[in-house]
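Structure file entry00.cif; described as mmCIF, C-alpha atoms and all ligand atoms.
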```
data_protein
#
loop_
_atom_site.group_PDB
_atom_site.id
_atom_site.type_symbol
_atom_site.label_atom_id
_atom_site.label_comp_id
_atom_site.auth_asym_id
_atom_site.auth_seq_id
_atom_site.Cartn_x
_atom_site.Cartn_y
_atom_site.Cartn_z
ATOM 1 C CA MET A 1196 40.129 60.619 -41.627
ATOM 2 C CA ASP A 1197 43.586 59.251 -41.091
ATOM 3 C CA ASN A 1198 45.849 62.254 -40.676
ATOM 4 C CA ILE A 1199 49.599 62.296 -40.248
ATOM 5 C CA ASP A 1200 50.866 65.465 -38.671
ATOM 6 C CA THR A 1201 54.530 66.284 -38.302
ATOM 7 C CA ASN A 1202 55.806 69.784 -37.641
ATOM 8 C CA ASN A 1203 52.687 71.373 -39.080
ATOM 9 C CA ILE A 1204 52.775 69.413 -42.308
ATOM 10 C CA THR A 1205 49.556 67.484 -42.636
ATOM 11 C CA VAL A 1206 48.767 64.995 -45.353
ATOM 12 C CA SER A 1207 45.483 63.138 -45.245
ATOM 13 C CA ASN A 1208 45.019 59.710 -46.708
ATOM 14 C CA GLU A 1209 42.293 61.018 -48.991
ATOM 15 C CA GLU A 1210 44.448 63.921 -50.165
ATOM 16 C CA PHE A 1211 47.288 61.541 -50.974
ATOM 17 C CA LEU A 1212 45.072 59.150 -52.901
ATOM 18 C CA ALA A 1213 43.531 62.052 -54.815
ATOM 19 C CA THR A 1214 46.979 63.425 -55.735
ATOM 20 C CA VAL A 1215 48.215 60.073 -56.961
ATOM 21 C CA ALA A 1216 45.042 59.508 -58.942
ATOM 22 C CA GLU A 1217 45.535 62.914 -60.542
ATOM 23 C CA LYS A 1218 49.193 62.187 -61.340
ATOM 24 C CA SER A 1219 48.295 58.827 -62.839
ATOM 25 C CA HIS A 1220 45.513 60.354 -64.955
ATOM 26 C CA GLY A 1221 42.760 59.058 -62.740
ATOM 27 C CA ALA A 1222 43.962 55.459 -62.666
ATOM 28 C CA ALA A 1223 43.490 53.739 -59.334
ATOM 29 C CA LEU A 1224 46.520 52.915 -57.232
ATOM 30 C CA ARG A 1225 47.431 49.266 -57.559
ATOM 31 C CA GLY A 1226 48.140 48.519 -53.929
ATOM 32 C CA ASP A 1227 45.722 47.539 -51.198
ATOM 33 C CA TYR A 1228 45.648 50.598 -48.925
ATOM 34 C CA GLU A 1229 42.707 49.352 -46.858
ATOM 35 C CA HIS A 1230 44.872 47.425 -44.422
ATOM 36 C CA ALA A 1231 47.702 49.942 -44.100
ATOM 37 C CA ASP A 1232 48.413 51.528 -40.712
ATOM 38 C CA SER A 1233 48.945 55.254 -40.181
ATOM 39 C CA HIS A 1234 52.497 54.945 -41.559
ATOM 40 C CA TYR A 1235 51.224 53.068 -44.598
ATOM 41 C CA VAL A 1236 52.797 49.859 -43.319
ATOM 42 C CA VAL A 1237 51.149 46.535 -44.169
ATOM 43 C CA LYS A 1238 51.970 42.862 -43.649
ATOM 44 C CA GLN A 1239 53.904 41.331 -46.511
ATOM 45 C CA ASN A 1240 51.701 38.216 -46.436
ATOM 46 C CA TRP A 1241 54.459 36.199 -48.087
ATOM 47 C CA HIS A 1242 52.452 32.970 -48.236
ATOM 48 C CA ALA A 1243 49.940 34.609 -50.570
ATOM 49 C CA TYR A 1244 52.437 34.932 -53.453
ATOM 50 C CA THR A 1245 51.672 32.409 -56.183
ATOM 51 C CA GLU A 1246 54.162 30.022 -57.758
ATOM 52 C CA ALA A 1247 53.752 31.998 -61.005
ATOM 53 C CA GLU A 1248 54.825 35.147 -59.165
ATOM 54 C CA HIS A 1249 57.902 33.417 -57.730
ATOM 55 C CA ASP A 1250 58.693 32.204 -61.279
ATOM 56 C CA LEU A 1251 58.413 35.741 -62.594
ATOM 57 C CA TRP A 1252 60.700 37.008 -59.808
ATOM 58 C CA ARG A 1253 63.275 34.335 -60.663
ATOM 59 C CA ALA A 1254 63.131 35.296 -64.345
ATOM 60 C CA LEU A 1255 63.585 38.989 -63.508
ATOM 61 C CA TYR A 1256 66.444 38.146 -61.138
ATOM 62 C CA GLN A 1257 68.215 35.960 -63.697
ATOM 63 C CA ARG A 1258 67.845 38.525 -66.462
ATOM 64 C CA GLN A 1259 69.401 41.238 -64.257
ATOM 65 C CA MET A 1260 72.215 38.921 -63.157
ATOM 66 C CA SER A 1261 73.080 38.253 -66.789
ATOM 67 C CA LEU A 1262 73.613 42.019 -67.182
ATOM 68 C CA LEU A 1263 74.962 43.330 -63.878
ATOM 69 C CA PRO A 1264 78.378 41.698 -63.297
ATOM 70 C CA GLY A 1265 81.021 44.191 -64.427
ATOM 71 C CA ARG A 1266 78.401 46.959 -64.577
ATOM 72 C CA ALA A 1267 76.917 47.193 -61.070
ATOM 73 C CA CYS A 1268 79.193 48.408 -58.273
ATOM 74 C CA ASP A 1269 80.834 45.766 -56.057
ATOM 75 C CA GLU A 1270 78.896 46.964 -53.007
ATOM 76 C CA PHE A 1271 75.619 46.043 -54.714
ATOM 77 C CA ILE A 1272 76.756 42.672 -56.113
ATOM 78 C CA ASP A 1273 78.372 41.567 -52.833
ATOM 79 C CA ALA A 1274 75.302 42.428 -50.755
ATOM 80 C CA LEU A 1275 72.915 40.855 -53.256
ATOM 81 C CA HIS A 1276 74.789 37.542 -53.120
ATOM 82 C CA LYS A 1277 74.580 37.518 -49.328
ATOM 83 C CA MET A 1278 70.828 38.199 -49.428
ATOM 84 C CA ASN A 1279 69.872 34.895 -51.104
ATOM 85 C CA ALA A 1280 67.088 36.488 -53.113
ATOM 86 C CA ALA A 1281 67.490 34.374 -56.268
ATOM 87 C CA ASP A 1282 64.985 31.633 -55.439
ATOM 88 C CA GLY A 1283 61.758 33.611 -55.310
ATOM 89 C CA ILE A 1284 60.180 36.704 -53.796
ATOM 90 C CA PRO A 1285 62.055 37.079 -50.499
ATOM 91 C CA GLU A 1286 60.514 37.252 -47.046
ATOM 92 C CA PHE A 1287 61.134 40.835 -45.942
ATOM 93 C CA GLU A 1288 61.449 39.926 -42.263
ATOM 94 C CA LYS A 1289 64.409 37.646 -42.853
ATOM 95 C CA THR A 1290 66.359 40.199 -44.895
ATOM 96 C CA SER A 1291 65.295 42.944 -42.521
ATOM 97 C CA ARG A 1292 66.959 41.128 -39.609
ATOM 98 C CA GLU A 1293 70.190 40.767 -41.584
ATOM 99 C CA LEU A 1294 70.033 44.380 -42.697
ATOM 100 C CA PHE A 1295 69.468 45.590 -39.145
ATOM 101 C CA ALA A 1296 72.530 43.652 -37.981
ATOM 102 C CA ALA A 1297 74.601 45.200 -40.784
ATOM 103 C CA THR A 1298 73.581 48.877 -40.763
ATOM 104 C CA GLY A 1299 70.664 49.357 -38.365
ATOM 105 C CA TRP A 1300 68.127 49.659 -41.207
ATOM 106 C CA THR A 1301 64.911 47.651 -41.451
ATOM 107 C CA ILE A 1302 62.503 46.948 -44.288
ATOM 108 C CA VAL A 1303 58.829 47.861 -43.938
ATOM 109 C CA ALA A 1304 56.179 46.511 -46.299
ATOM 110 C CA VAL A 1305 53.952 49.127 -47.981
ATOM 111 C CA PRO A 1306 51.016 48.814 -50.414
ATOM 112 C CA GLY A 1307 52.750 50.906 -53.116
ATOM 113 C CA LEU A 1308 53.398 54.615 -53.462
ATOM 114 C CA ILE A 1309 53.127 56.456 -50.167
ATOM 115 C CA PRO A 1310 52.923 60.164 -49.304
ATOM 116 C CA GLU A 1311 56.204 62.057 -49.374
ATOM 117 C CA LEU A 1312 56.024 62.954 -45.699
ATOM 118 C CA THR A 1313 55.590 59.307 -44.686
ATOM 119 C CA PHE A 1314 58.367 58.249 -47.044
ATOM 120 C CA PHE A 1315 60.790 60.780 -45.556
ATOM 121 C CA GLU A 1316 59.817 59.783 -42.015
ATOM 122 C CA HIS A 1317 60.616 56.157 -42.778
ATOM 123 C CA LEU A 1318 64.006 57.026 -44.245
ATOM 124 C CA ALA A 1319 64.842 59.420 -41.405
ATOM 125 C CA ASN A 1320 64.218 56.509 -39.017
ATOM 126 C CA ARG A 1321 66.267 54.034 -41.075
ATOM 127 C CA ARG A 1322 63.251 52.150 -42.412
ATOM 128 C CA PHE A 1323 63.030 51.412 -46.119
ATOM 129 C CA PRO A 1324 59.504 51.018 -47.557
ATOM 130 C CA VAL A 1325 59.203 48.107 -49.998
ATOM 131 C CA THR A 1326 56.085 47.592 -52.127
ATOM 132 C CA VAL A 1327 54.555 44.138 -51.594
ATOM 133 C CA TRP A 1328 53.092 43.421 -55.031
ATOM 134 C CA LEU A 1329 54.918 42.120 -58.100
ATOM 135 C CA ARG A 1330 54.414 43.368 -61.652
ATOM 136 C CA LYS A 1331 52.451 41.397 -64.258
ATOM 137 C CA PRO A 1332 54.325 39.218 -66.786
ATOM 138 C CA GLU A 1333 53.561 41.713 -69.570
ATOM 139 C CA GLU A 1334 55.437 44.353 -67.531
ATOM 140 C CA PHE A 1335 58.640 42.289 -67.530
ATOM 141 C CA ASN A 1336 60.622 45.013 -69.295
ATOM 142 C CA TYR A 1337 58.916 48.159 -68.105
ATOM 143 C CA ILE A 1338 56.728 49.182 -65.201
ATOM 144 C CA VAL A 1339 55.451 52.635 -64.303
ATOM 145 C CA GLU A 1340 54.972 52.312 -60.527
ATOM 146 C CA PRO A 1341 57.662 50.733 -58.378
ATOM 147 C CA ASP A 1342 56.930 47.078 -57.486
ATOM 148 C CA VAL A 1343 58.595 44.623 -55.113
ATOM 149 C CA PHE A 1344 61.276 43.761 -57.669
ATOM 150 C CA HIS A 1345 62.325 47.366 -58.145
ATOM 151 C CA ASP A 1346 62.140 48.222 -54.442
ATOM 152 C CA PHE A 1347 63.744 45.086 -53.047
ATOM 153 C CA PHE A 1348 66.214 44.046 -55.735
ATOM 154 C CA GLY A 1349 67.133 47.588 -56.729
ATOM 155 C CA HIS A 1350 67.285 49.375 -53.390
ATOM 156 C CA VAL A 1351 67.819 46.994 -50.495
ATOM 157 C CA PRO A 1352 71.336 45.695 -51.335
ATOM 158 C CA MET A 1353 72.801 49.208 -51.227
ATOM 159 C CA LEU A 1354 71.434 49.674 -47.691
ATOM 160 C CA PHE A 1355 73.981 47.081 -46.526
ATOM 161 C CA ASN A 1356 76.701 49.640 -47.263
ATOM 162 C CA PRO A 1357 77.197 51.706 -44.088
ATOM 163 C CA VAL A 1358 78.001 55.011 -45.802
ATOM 164 C CA PHE A 1359 75.222 54.734 -48.365
ATOM 165 C CA ALA A 1360 72.833 53.720 -45.580
ATOM 166 C CA ASP A 1361 73.756 56.885 -43.683
ATOM 167 C CA TYR A 1362 73.226 58.914 -46.842
ATOM 168 C CA MET A 1363 69.700 57.533 -47.196
ATOM 169 C CA GLN A 1364 68.840 58.542 -43.643
ATOM 170 C CA LEU A 1365 70.322 61.978 -44.228
ATOM 171 C CA TYR A 1366 68.182 62.269 -47.352
ATOM 172 C CA GLY A 1367 65.047 61.429 -45.353
ATOM 173 C CA LYS A 1368 65.872 64.134 -42.809
ATOM 174 C CA GLY A 1369 66.577 66.518 -45.679
ATOM 175 C CA GLY A 1370 63.170 65.682 -47.146
ATOM 176 C CA LEU A 1371 61.387 66.684 -43.954
ATOM 177 C CA LYS A 1372 63.323 69.961 -43.986
ATOM 178 C CA ALA A 1373 62.656 70.562 -47.682
ATOM 179 C CA MET A 1374 58.912 70.216 -47.100
ATOM 180 C CA LYS A 1375 59.050 73.164 -44.740
ATOM 181 C CA LEU A 1376 61.363 75.191 -46.978
ATOM 182 C CA GLY A 1377 59.470 74.617 -50.222
ATOM 183 C CA GLY A 1378 62.442 72.746 -51.693
ATOM 184 C CA LEU A 1379 60.810 69.419 -52.433
ATOM 185 C CA GLU A 1380 60.941 69.707 -56.191
ATOM 186 C CA GLN A 1381 64.673 70.433 -56.044
ATOM 187 C CA LEU A 1382 65.471 67.730 -53.489
ATOM 188 C CA ALA A 1383 63.565 65.077 -55.458
ATOM 189 C CA ARG A 1384 66.047 65.610 -58.294
ATOM 190 C CA LEU A 1385 68.914 64.565 -56.023
ATOM 191 C CA TYR A 1386 67.105 61.299 -55.171
ATOM 192 C CA TRP A 1387 66.379 60.688 -58.817
ATOM 193 C CA TYR A 1388 69.929 61.284 -60.021
ATOM 194 C CA THR A 1389 71.646 59.397 -57.182
ATOM 195 C CA VAL A 1390 69.468 56.764 -55.442
ATOM 196 C CA GLU A 1391 67.635 55.878 -58.669
ATOM 197 C CA PHE A 1392 70.069 56.625 -61.503
ATOM 198 C CA GLY A 1393 73.473 57.169 -59.904
ATOM 199 C CA LEU A 1394 76.827 56.006 -61.261
ATOM 200 C CA ILE A 1395 80.091 55.712 -59.317
ATOM 201 C CA ASN A 1396 83.642 56.000 -60.565
ATOM 202 C CA THR A 1397 85.861 53.017 -59.683
ATOM 203 C CA PRO A 1398 89.388 51.961 -60.707
ATOM 204 C CA GLN A 1399 87.686 49.532 -63.150
ATOM 205 C CA GLY A 1400 85.542 52.253 -64.721
ATOM 206 C CA LEU A 1401 82.037 53.610 -64.153
ATOM 207 C CA ARG A 1402 79.668 51.345 -62.225
ATOM 208 C CA ILE A 1403 75.964 51.538 -61.401
ATOM 209 C CA TYR A 1404 74.544 52.039 -57.908
ATOM 210 C CA GLY A 1405 71.126 53.567 -58.783
ATOM 211 C CA ALA A 1406 68.139 51.268 -58.230
ATOM 212 C CA GLY A 1407 66.224 52.563 -61.249
ATOM 213 C CA ILE A 1408 68.998 51.268 -63.494
ATOM 214 C CA LEU A 1409 69.872 48.146 -61.486
ATOM 215 C CA SER A 1410 66.303 46.860 -61.752
ATOM 216 C CA SER A 1411 65.855 47.800 -65.421
ATOM 217 C CA GLY A 1412 66.489 45.569 -68.418
ATOM 218 C CA GLY A 1413 67.640 48.094 -70.994
ATOM 219 C CA GLU A 1414 69.277 50.949 -69.129
ATOM 220 C CA VAL A 1415 71.984 48.788 -67.516
ATOM 221 C CA GLU A 1416 73.821 48.552 -70.834
ATOM 222 C CA TYR A 1417 72.737 51.913 -72.221
ATOM 223 C CA CYS A 1418 73.987 54.020 -69.327
ATOM 224 C CA LEU A 1419 77.529 52.643 -69.673
ATOM 225 C CA THR A 1420 77.724 52.817 -73.458
ATOM 226 C CA PRO A 1421 80.019 55.576 -74.738
ATOM 227 C CA GLY A 1422 78.847 57.681 -77.645
ATOM 228 C CA THR A 1423 75.132 57.885 -76.844
ATOM 229 C CA SER A 1424 73.504 61.294 -76.561
ATOM 230 C CA SER A 1425 73.468 61.020 -72.742
ATOM 231 C CA ARG A 1426 75.913 62.924 -70.522
ATOM 232 C CA HIS A 1427 78.016 61.415 -67.736
ATOM 233 C CA ILE A 1428 79.241 64.222 -65.531
ATOM 234 C CA HIS A 1429 80.640 64.557 -62.054
ATOM 235 C CA LEU A 1430 77.998 65.174 -59.394
ATOM 236 C CA ASN A 1431 77.762 68.734 -58.198
ATOM 237 C CA ILE A 1432 74.915 68.767 -55.686
ATOM 238 C CA GLN A 1433 73.676 72.267 -56.367
ATOM 239 C CA ARG A 1434 73.753 71.686 -60.124
ATOM 240 C CA CYS A 1435 71.871 68.396 -59.650
ATOM 241 C CA LEU A 1436 69.170 70.073 -57.537
ATOM 242 C CA ASN A 1437 68.624 72.414 -60.483
ATOM 243 C CA THR A 1438 68.429 69.752 -63.230
ATOM 244 C CA LEU A 1439 65.135 68.462 -64.660
ATOM 245 C CA TYR A 1440 64.850 64.723 -65.306
ATOM 246 C CA LYS A 1441 63.038 62.361 -67.643
ATOM 247 C CA ILE A 1442 60.634 59.805 -66.257
ATOM 248 C CA ASP A 1443 59.675 58.002 -69.472
ATOM 249 C CA THR A 1444 62.976 57.637 -71.347
ATOM 250 C CA TYR A 1445 66.541 56.680 -70.465
ATOM 251 C CA GLN A 1446 68.278 59.472 -68.601
ATOM 252 C CA GLU A 1447 69.916 62.217 -70.631
ATOM 253 C CA THR A 1448 72.346 62.983 -67.814
ATOM 254 C CA TYR A 1449 73.993 60.580 -65.376
ATOM 255 C CA PHE A 1450 75.695 62.169 -62.382
ATOM 256 C CA VAL A 1451 78.850 60.341 -61.314
ATOM 257 C CA ILE A 1452 80.257 60.243 -57.776
ATOM 258 C CA ASN A 1453 83.779 59.230 -56.769
ATOM 259 C CA SER A 1454 82.708 57.664 -53.464
ATOM 260 C CA PHE A 1455 79.661 57.233 -51.258
ATOM 261 C CA GLN A 1456 81.442 59.375 -48.680
ATOM 262 C CA GLU A 1457 81.501 62.221 -51.202
ATOM 263 C CA LEU A 1458 77.738 61.823 -51.633
ATOM 264 C CA PHE A 1459 77.142 61.811 -47.887
ATOM 265 C CA ASP A 1460 79.370 64.830 -47.261
ATOM 266 C CA GLY A 1461 77.750 66.855 -50.041
ATOM 267 C CA THR A 1462 74.281 66.110 -48.700
ATOM 268 C CA ALA A 1463 75.228 67.023 -45.139
ATOM 269 C CA ALA A 1464 75.334 70.694 -46.216
ATOM 270 C CA ASP A 1465 72.459 73.036 -45.422
ATOM 271 C CA PHE A 1466 70.350 73.175 -48.601
ATOM 272 C CA ALA A 1467 68.241 76.154 -47.458
ATOM 273 C CA PRO A 1468 70.376 78.764 -49.300
ATOM 274 C CA TYR A 1469 70.406 76.530 -52.433
ATOM 275 C CA TYR A 1470 66.607 76.361 -52.463
ATOM 276 C CA GLU A 1471 66.334 80.123 -52.111
ATOM 277 C CA GLN A 1472 68.752 80.716 -54.951
ATOM 278 C CA LEU A 1473 67.341 78.040 -57.260
ATOM 279 C CA LYS A 1474 63.789 79.242 -56.841
ATOM 280 C CA GLN A 1475 64.844 82.559 -58.424
ATOM 281 C CA GLY A 1476 66.077 81.007 -61.678
ATOM 282 C CA GLN A 1477 65.141 78.454 -64.321
ATOM 283 C CA ALA A 1478 65.891 74.754 -63.934
ATOM 284 C CA LEU A 1479 68.304 73.247 -66.476
ATOM 285 C CA PRO A 1480 66.966 70.859 -69.137
ATOM 286 C CA ALA A 1481 67.925 67.195 -68.635
ATOM 287 C CA ASN A 1482 70.458 67.189 -71.481
ATOM 288 C CA THR A 1483 72.450 70.266 -70.418
ATOM 289 C CA LEU A 1484 76.245 70.259 -70.542
ATOM 290 C CA LEU A 1485 77.731 73.375 -68.956
ATOM 291 C CA PRO A 1486 80.996 74.856 -70.340
ATOM 292 C CA ASP A 1487 83.083 73.706 -67.348
ATOM 293 C CA GLU A 1488 81.688 70.153 -67.345
ATOM 294 C CA LYS A 1489 83.529 67.189 -68.784
ATOM 295 C CA GLU A 1490 82.005 64.030 -70.260
ATOM 296 C CA LEU A 1491 83.362 61.156 -68.164
ATOM 297 C CA LEU A 1492 82.428 58.193 -70.364
ATOM 298 C CA VAL A 1493 84.660 58.177 -73.414
HETATM 299 FE FE FE A 1501 63.028 53.417 -56.444
#
```
Show me this structure written as structure tokens.
Amino acid sequence: MDNIDTNNITVSNEEFLATVAEKSHGAALRGDYEHADSHYVVKQNWHAYTEAEHDLWRALYQRQMSLLPGRACDEFIDALHKMNAADGIPEFEKTSRELFAATGWTIVAVPGLIPELTFFEHLANRRFPVTVWLRKPEEFNYIVEPDVFHDFFGHVPMLFNPVFADYMQLYGKGGLKAMKLGGLEQLARLYWYTVEFGLINTPQGLRIYGAGILSSGGEVEYCLTPGTSSRHIHLNIQRCLNTLYKIDTYQETYFVINSFQELFDGTAADFAPYYEQLKQGQALPANTLLPDEKELLV
């Protein structure tokens, strides 16, 4: 049995696979876990991608680029242009070298979903796990599990921003702490509402920095459209940790930051007292608007 043991938290490979199978209603994981090492790292095997897969990548890339200018934050667009990822599925090693030179992060290839502990360990050591496989053509608009397009296109550009990169490492360290404090459910909400679905306020208006939106066809426009039933409210970390989220519809609340520094500073706090307090009460539904909160997209 391949066990990973850190600070008395042990997750076995078999346990992980069983949990994922349970969460996905018994469906098998899509990735090839046979050749993964003890940190779930595999070789990207770039030469094995087919021309059809590179075509599909290019189509996904072009569709997103027809939507993102004026909607994605400048930090994302600028980094994406420098990455030269438009011509096909990128070679991770090449981008990883550039990323390391920029912010000290590297990319590691993984077969797909990985255990939380392993995920946090990678982040805490400034390694971002990127799934190697690409979705099928019929999943062009929607995919359940993260694939290489979501992970690479959506997440990697933001890691070129030094402050956001530091935030991601801080999150990984926070994840390891949360596992010991029983705060994982709460902390996962922060990842969801920032790294995946976060918006940032800029002098030009709200912009997207969350990978779940940046790699999605429909939500790019939806999340910035005034007058929908979704909320756009300023990020309060403790409030966010206590807010449920939707995994199968557009978000009902988008948390907005004013700067990446604000996000880093808020996450540098000790969450232990928050977890204790939040565990006593009820989490807020995803569409909550509290009396002192103001809708920011009008
Ligand atoms: Fe993601």
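Atom pair CA of Ile1432 in chain A / CA of Asn1396 in chain A has a distance of 16.2 Å (rounded to one decimal).
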Inset, instruction - Find the residues near ligand FE 1501 (chain A). Use a cut-off of 12 Å, count all atoms listed in the file, and write them as an NGL selection string. - result: :A and (1307-1308 or 1314 or 1323-1326 or 1338-1351 or 1353 or 1383 or 1386-1393 or 1404-1411 or 1442)
Inset, instruction - In the coordinates of the file, take the point (71.4, 70.9, -56.7) and a cut-off of 9 Å; then, counting only C-alpha atoms, name each qualifying protein, DNA or RNA residue as an MDAnalysis selection string. - result: chainID A and resid 1381:1382 1384:1385 1431:1438 1466 1469:1470 1473
Legend entry - Selection under test: the PyMOL selection byres (((chain A and resi 1289) around 12) and not hetatm); residues as number ranges by chain: A: 1239, 1241, 1278-1280, 1284-1288, 1290-1296, 1301-1303
Inset, instruction - Let me know the residues the PyMOL selection byres (((chain A and resi 1359-1375) around 7) and not hetatm) catches in the file above, as a PyMOL selection string. - result: chain A and resi 1298+1312+1315-1316+1318-1321+1353-1358+1376-1379+1455+1459
Legend entry - Selected residue of minimal separation from Pro1306 in chain A among A:Tyr1440, A:Trp1328, A:Phe1271, A:Tyr1445, counting only C-alpha atoms: A:Trp1328
